[in-house]
Amino acid sequence: MPPRSVTVDEGLLRRMARDAAVYSLTRPIAIVMWLALAGALVLGILNLSAGTPGGREVSAIVAWMPVVIVALALFAVGMTVSGARTAVRAAMPAESVVWLTLDDDRLQMGSGRRRSDIPYSTFQHLRVGRDAVLLKMRDASVATAIPRVLLSDDDIAALRARIR
């Protein structure tokens with residue numbers, strides 16, 4: 001594939017960060033977190049509605065527990081989005097030109113003065129979002145984000161075949 005390039009603007013950065021955040025928030029460990037928070041919220045609400053013996057008031061800790069759980073969920077989403085934006089901006093600053101080439105055995109990409117030659121065996125799997133293609137690194141919790149506009153559907157099919 002001949003090199004393709006795109007100039008990254010603020011809108012593309014935001015959309016790529018959104019795709020990265022959705023990826024992070026739907027990973028298996030994140031789903032376990034969401035289930036734990038949902039269970040805690042249900043228990044908190046059940047404790048509120050169960051009443052207390054002798055008609056006493058519910059303690060302040062029990063009363064505020066559902067609010068605290070919702071706040072924790074919102075905090076997790078906020079921190080994930082913030083982290084995704086920071087990571088994408090660090091890799092591809094606004095107004096930089098990002099380029100990509102798919103070779104037979106490796107992916108080559110660059111941004112500004114940076115250049116990476118990454119063998120396909122480095123990647124565990126890929127996920128295609130609306131504006132970003134996320135390549136999960138093998139044996140690591142990080143992913144590489146590539147602007148979706150740099151890859152055609154045929155390129156993505158070829159990437160899927162090369163990443164095993």
# chains A, B, ... in the order shown; residues from 1 in each chain; ligands from 1
>>> select_by_dssp(residues="range 62-130 of chain A", states="helix (DSSP H, G or I)", output="ChimeraX atom specification")
/A:62-91,120-122
>>> closest_atom_pairs(of="range 83-119 of chain A", to="range 22-40 of chain A", cutoff="12 Å", atoms="only C-alpha atoms", output="JSON lines")
{"residue": "A:Gly83", "atom": "CA", "partner": "A:Ser24", "partner_atom": "CA", "distance": 10.0}
{"residue": "A:Ala84", "atom": "CA", "partner": "A:Ser24", "partner_atom": "CA", "distance": 8.6}
{"residue": "A:Arg85", "atom": "CA", "partner": "A:Val22", "partner_atom": "CA", "distance": 11.9}
>>> write_last_selection(atoms="C-alpha atoms", output="compact mmCIF listing (two decimals), in the first residue's frame")
# COMPACT_ATOMS: atom_id res chain seq x y z
CA GLY A 83 -6.87 9.73 29.54
CA ALA A 84 -7.89 8.85 25.98
CA ARG A 85 -7.71 12.50 24.92
>>> residues_around(residues="range 90-107 of chain A", least_positions_apart="4", cutoff="12 Å", atoms="only C-alpha atoms", output="PyMOL selection string")
chain A and resi 1-14+16-17+83-86+111-123+135+143-152+154-159+161-163
>>> residues_around(residues="Leu43 in chain A", least_positions_apart="5", cutoff="12 Å", atoms="only C-alpha atoms", output="list of chain:residue names")
A:Ala36, A:Leu37, A:Ala38, A:Leu48, A:Ser49, A:Ala50, A:Val62, A:Ala63, A:Met65, A:Pro66, A:Ile69
>>> atom_distance(atom1="CA of Leu41 in chain A", atom2="CA of Ala71 in chain A")
10.9 Å
>>> select_by_dssp(residues="chain A", states="strand (DSSP E)", output="MDAnalysis selection string")
chainID A and resid 4:7 97:102 106:111 114:119 123:128 132:137 143:147
>>> write_last_selection(atoms="N, CA and C atoms", output="mmCIF file, in the first residue's frame")
data_model
loop_
_atom_site.group_PDB
_atom_site.id
_atom_site.type_symbol
_atom_site.label_atom_id
_atom_site.label_comp_id
_atom_site.auth_asym_id
_atom_site.auth_seq_id
_atom_site.Cartn_x
_atom_site.Cartn_y
_atom_site.Cartn_z
ATOM 1 N N ARG A 4 -0.347 6.778 2.915
ATOM 2 C CA ARG A 4 -1.489 7.689 2.959
ATOM 3 C C ARG A 4 -1.290 8.608 4.144
ATOM 4 N N SER A 5 -1.781 9.836 4.017
ATOM 5 C CA SER A 5 -1.596 10.781 5.121
ATOM 6 C C SER A 5 -2.847 11.615 5.321
ATOM 7 N N VAL A 6 -2.935 12.167 6.529
ATOM 8 C CA VAL A 6 -4.041 13.051 6.895
ATOM 9 C C VAL A 6 -3.490 14.069 7.891
ATOM 10 N N THR A 7 -3.990 15.285 7.783
ATOM 11 C CA THR A 7 -3.648 16.309 8.771
ATOM 12 C C THR A 7 -4.684 16.223 9.889
ATOM 13 N N VAL A 97 0.766 15.993 10.605
ATOM 14 C CA VAL A 97 0.435 15.101 9.499
ATOM 15 C C VAL A 97 0.767 13.682 9.942
ATOM 16 N N VAL A 98 -0.232 12.815 9.898
ATOM 17 C CA VAL A 98 -0.060 11.410 10.264
ATOM 18 C C VAL A 98 -0.085 10.605 8.974
ATOM 19 N N TRP A 99 0.884 9.704 8.835
ATOM 20 C CA TRP A 99 0.927 8.876 7.635
ATOM 21 C C TRP A 99 0.999 7.406 8.023
ATOM 22 N N LEU A 100 0.627 6.551 7.080
ATOM 23 C CA LEU A 100 0.543 5.121 7.343
ATOM 24 C C LEU A 100 0.854 4.344 6.076
ATOM 25 N N THR A 101 1.599 3.262 6.243
ATOM 26 C CA THR A 101 1.871 2.327 5.161
ATOM 27 C C THR A 101 1.724 0.918 5.707
ATOM 28 N N LEU A 102 1.028 0.068 4.964
ATOM 29 C CA LEU A 102 0.921 -1.337 5.344
ATOM 30 C C LEU A 102 1.852 -2.143 4.462
ATOM 31 N N ARG A 106 4.760 -5.687 8.329
ATOM 32 C CA ARG A 106 4.716 -4.659 9.375
ATOM 33 C C ARG A 106 3.867 -3.472 8.944
ATOM 34 N N LEU A 107 3.486 -2.729 9.955
ATOM 35 C CA LEU A 107 2.764 -1.481 9.772
ATOM 36 C C LEU A 107 3.769 -0.358 10.027
ATOM 37 N N GLN A 108 3.810 0.603 9.142
ATOM 38 C CA GLN A 108 4.675 1.767 9.337
ATOM 39 C C GLN A 108 3.773 2.978 9.465
ATOM 40 N N MET A 109 4.030 3.756 10.514
ATOM 41 C CA MET A 109 3.248 4.969 10.673
ATOM 42 C C MET A 109 4.113 6.034 11.304
ATOM 43 N N GLY A 110 3.720 7.277 11.071
ATOM 44 C CA GLY A 110 4.485 8.369 11.625
ATOM 45 C C GLY A 110 3.622 9.592 11.828
ATOM 46 N N SER A 111 4.131 10.469 12.688
ATOM 47 C CA SER A 111 3.465 11.727 12.995
ATOM 48 C C SER A 111 4.556 12.733 13.298
ATOM 49 N N ARG A 114 8.245 11.636 14.288
ATOM 50 C CA ARG A 114 8.195 10.268 14.808
ATOM 51 C C ARG A 114 7.884 9.279 13.701
ATOM 52 N N ARG A 115 8.463 8.108 13.839
ATOM 53 C CA ARG A 115 8.204 7.033 12.887
ATOM 54 C C ARG A 115 8.227 5.717 13.646
ATOM 55 N N SER A 116 7.264 4.850 13.349
ATOM 56 C CA SER A 116 7.198 3.540 13.992
ATOM 57 C C SER A 116 7.081 2.465 12.930
ATOM 58 N N ASP A 117 7.897 1.430 13.082
ATOM 59 C CA ASP A 117 7.796 0.215 12.271
ATOM 60 C C ASP A 117 7.383 -0.895 13.230
ATOM 61 N N ILE A 118 6.144 -1.349 13.102
ATOM 62 C CA ILE A 118 5.610 -2.307 14.070
ATOM 63 C C ILE A 118 5.221 -3.593 13.341
ATOM 64 N N PRO A 119 5.873 -4.715 13.684
ATOM 65 C CA PRO A 119 5.470 -5.996 13.078
ATOM 66 C C PRO A 119 4.040 -6.349 13.471
ATOM 67 N N PHE A 123 0.608 -7.077 17.525
ATOM 68 C CA PHE A 123 -0.787 -6.786 17.822
ATOM 69 C C PHE A 123 -1.568 -8.050 18.146
ATOM 70 N N GLN A 124 -2.487 -7.913 19.099
ATOM 71 C CA GLN A 124 -3.334 -9.034 19.491
ATOM 72 C C GLN A 124 -4.636 -9.036 18.694
ATOM 73 N N HIS A 125 -5.253 -7.881 18.559
ATOM 74 C CA HIS A 125 -6.464 -7.755 17.748
ATOM 75 C C HIS A 125 -6.704 -6.289 17.416
ATOM 76 N N LEU A 126 -7.671 -6.049 16.544
ATOM 77 C CA LEU A 126 -8.001 -4.670 16.202
ATOM 78 C C LEU A 126 -9.488 -4.443 16.347
ATOM 79 N N ARG A 127 -9.819 -3.197 16.612
ATOM 80 C CA ARG A 127 -11.217 -2.786 16.729
ATOM 81 C C ARG A 127 -11.394 -1.525 15.901
ATOM 82 N N VAL A 128 -12.413 -1.532 15.087
ATOM 83 C CA VAL A 128 -12.662 -0.414 14.185
ATOM 84 C C VAL A 128 -13.802 0.430 14.735
ATOM 85 N N ALA A 132 -11.522 5.975 14.467
ATOM 86 C CA ALA A 132 -10.216 5.433 14.844
ATOM 87 C C ALA A 132 -10.218 3.918 14.693
ATOM 88 N N VAL A 133 -9.074 3.405 14.277
ATOM 89 C CA VAL A 133 -8.825 1.964 14.295
ATOM 90 C C VAL A 133 -7.877 1.748 15.463
ATOM 91 N N LEU A 134 -8.278 0.900 16.403
ATOM 92 C CA LEU A 134 -7.493 0.664 17.605
ATOM 93 C C LEU A 134 -6.845 -0.717 17.517
ATOM 94 N N LEU A 135 -5.531 -0.735 17.610
ATOM 95 C CA LEU A 135 -4.770 -1.969 17.535
ATOM 96 C C LEU A 135 -4.258 -2.304 18.934
ATOM 97 N N LYS A 136 -4.799 -3.350 19.539
ATOM 98 C CA LYS A 136 -4.411 -3.765 20.895
ATOM 99 C C LYS A 136 -3.079 -4.490 20.825
ATOM 100 N N MET A 137 -2.138 -4.038 21.651
ATOM 101 C CA MET A 137 -0.811 -4.645 21.700
ATOM 102 C C MET A 137 -0.876 -5.973 22.461
ATOM 103 N N ALA A 143 -3.174 0.290 23.503
ATOM 104 C CA ALA A 143 -3.589 0.141 22.113
ATOM 105 C C ALA A 143 -3.045 1.313 21.310
ATOM 106 N N THR A 144 -2.815 1.089 20.043
ATOM 107 C CA THR A 144 -2.385 2.133 19.127
ATOM 108 C C THR A 144 -3.601 2.606 18.342
ATOM 109 N N ALA A 145 -3.788 3.905 18.278
ATOM 110 C CA ALA A 145 -4.918 4.474 17.538
ATOM 111 C C ALA A 145 -4.427 5.011 16.204
ATOM 112 N N ILE A 146 -5.170 4.683 15.162
ATOM 113 C CA ILE A 146 -4.866 5.149 13.810
ATOM 114 C C ILE A 146 -6.122 5.833 13.272
ATOM 115 N N PRO A 147 -5.991 6.988 12.647
ATOM 116 C CA PRO A 147 -7.186 7.609 12.050
ATOM 117 C C PRO A 147 -7.836 6.673 11.028
#
>>> atom_distance(atom1="CA of Leu46 in chain A", atom2="CA of Met79 in chain A")
28.6 Å
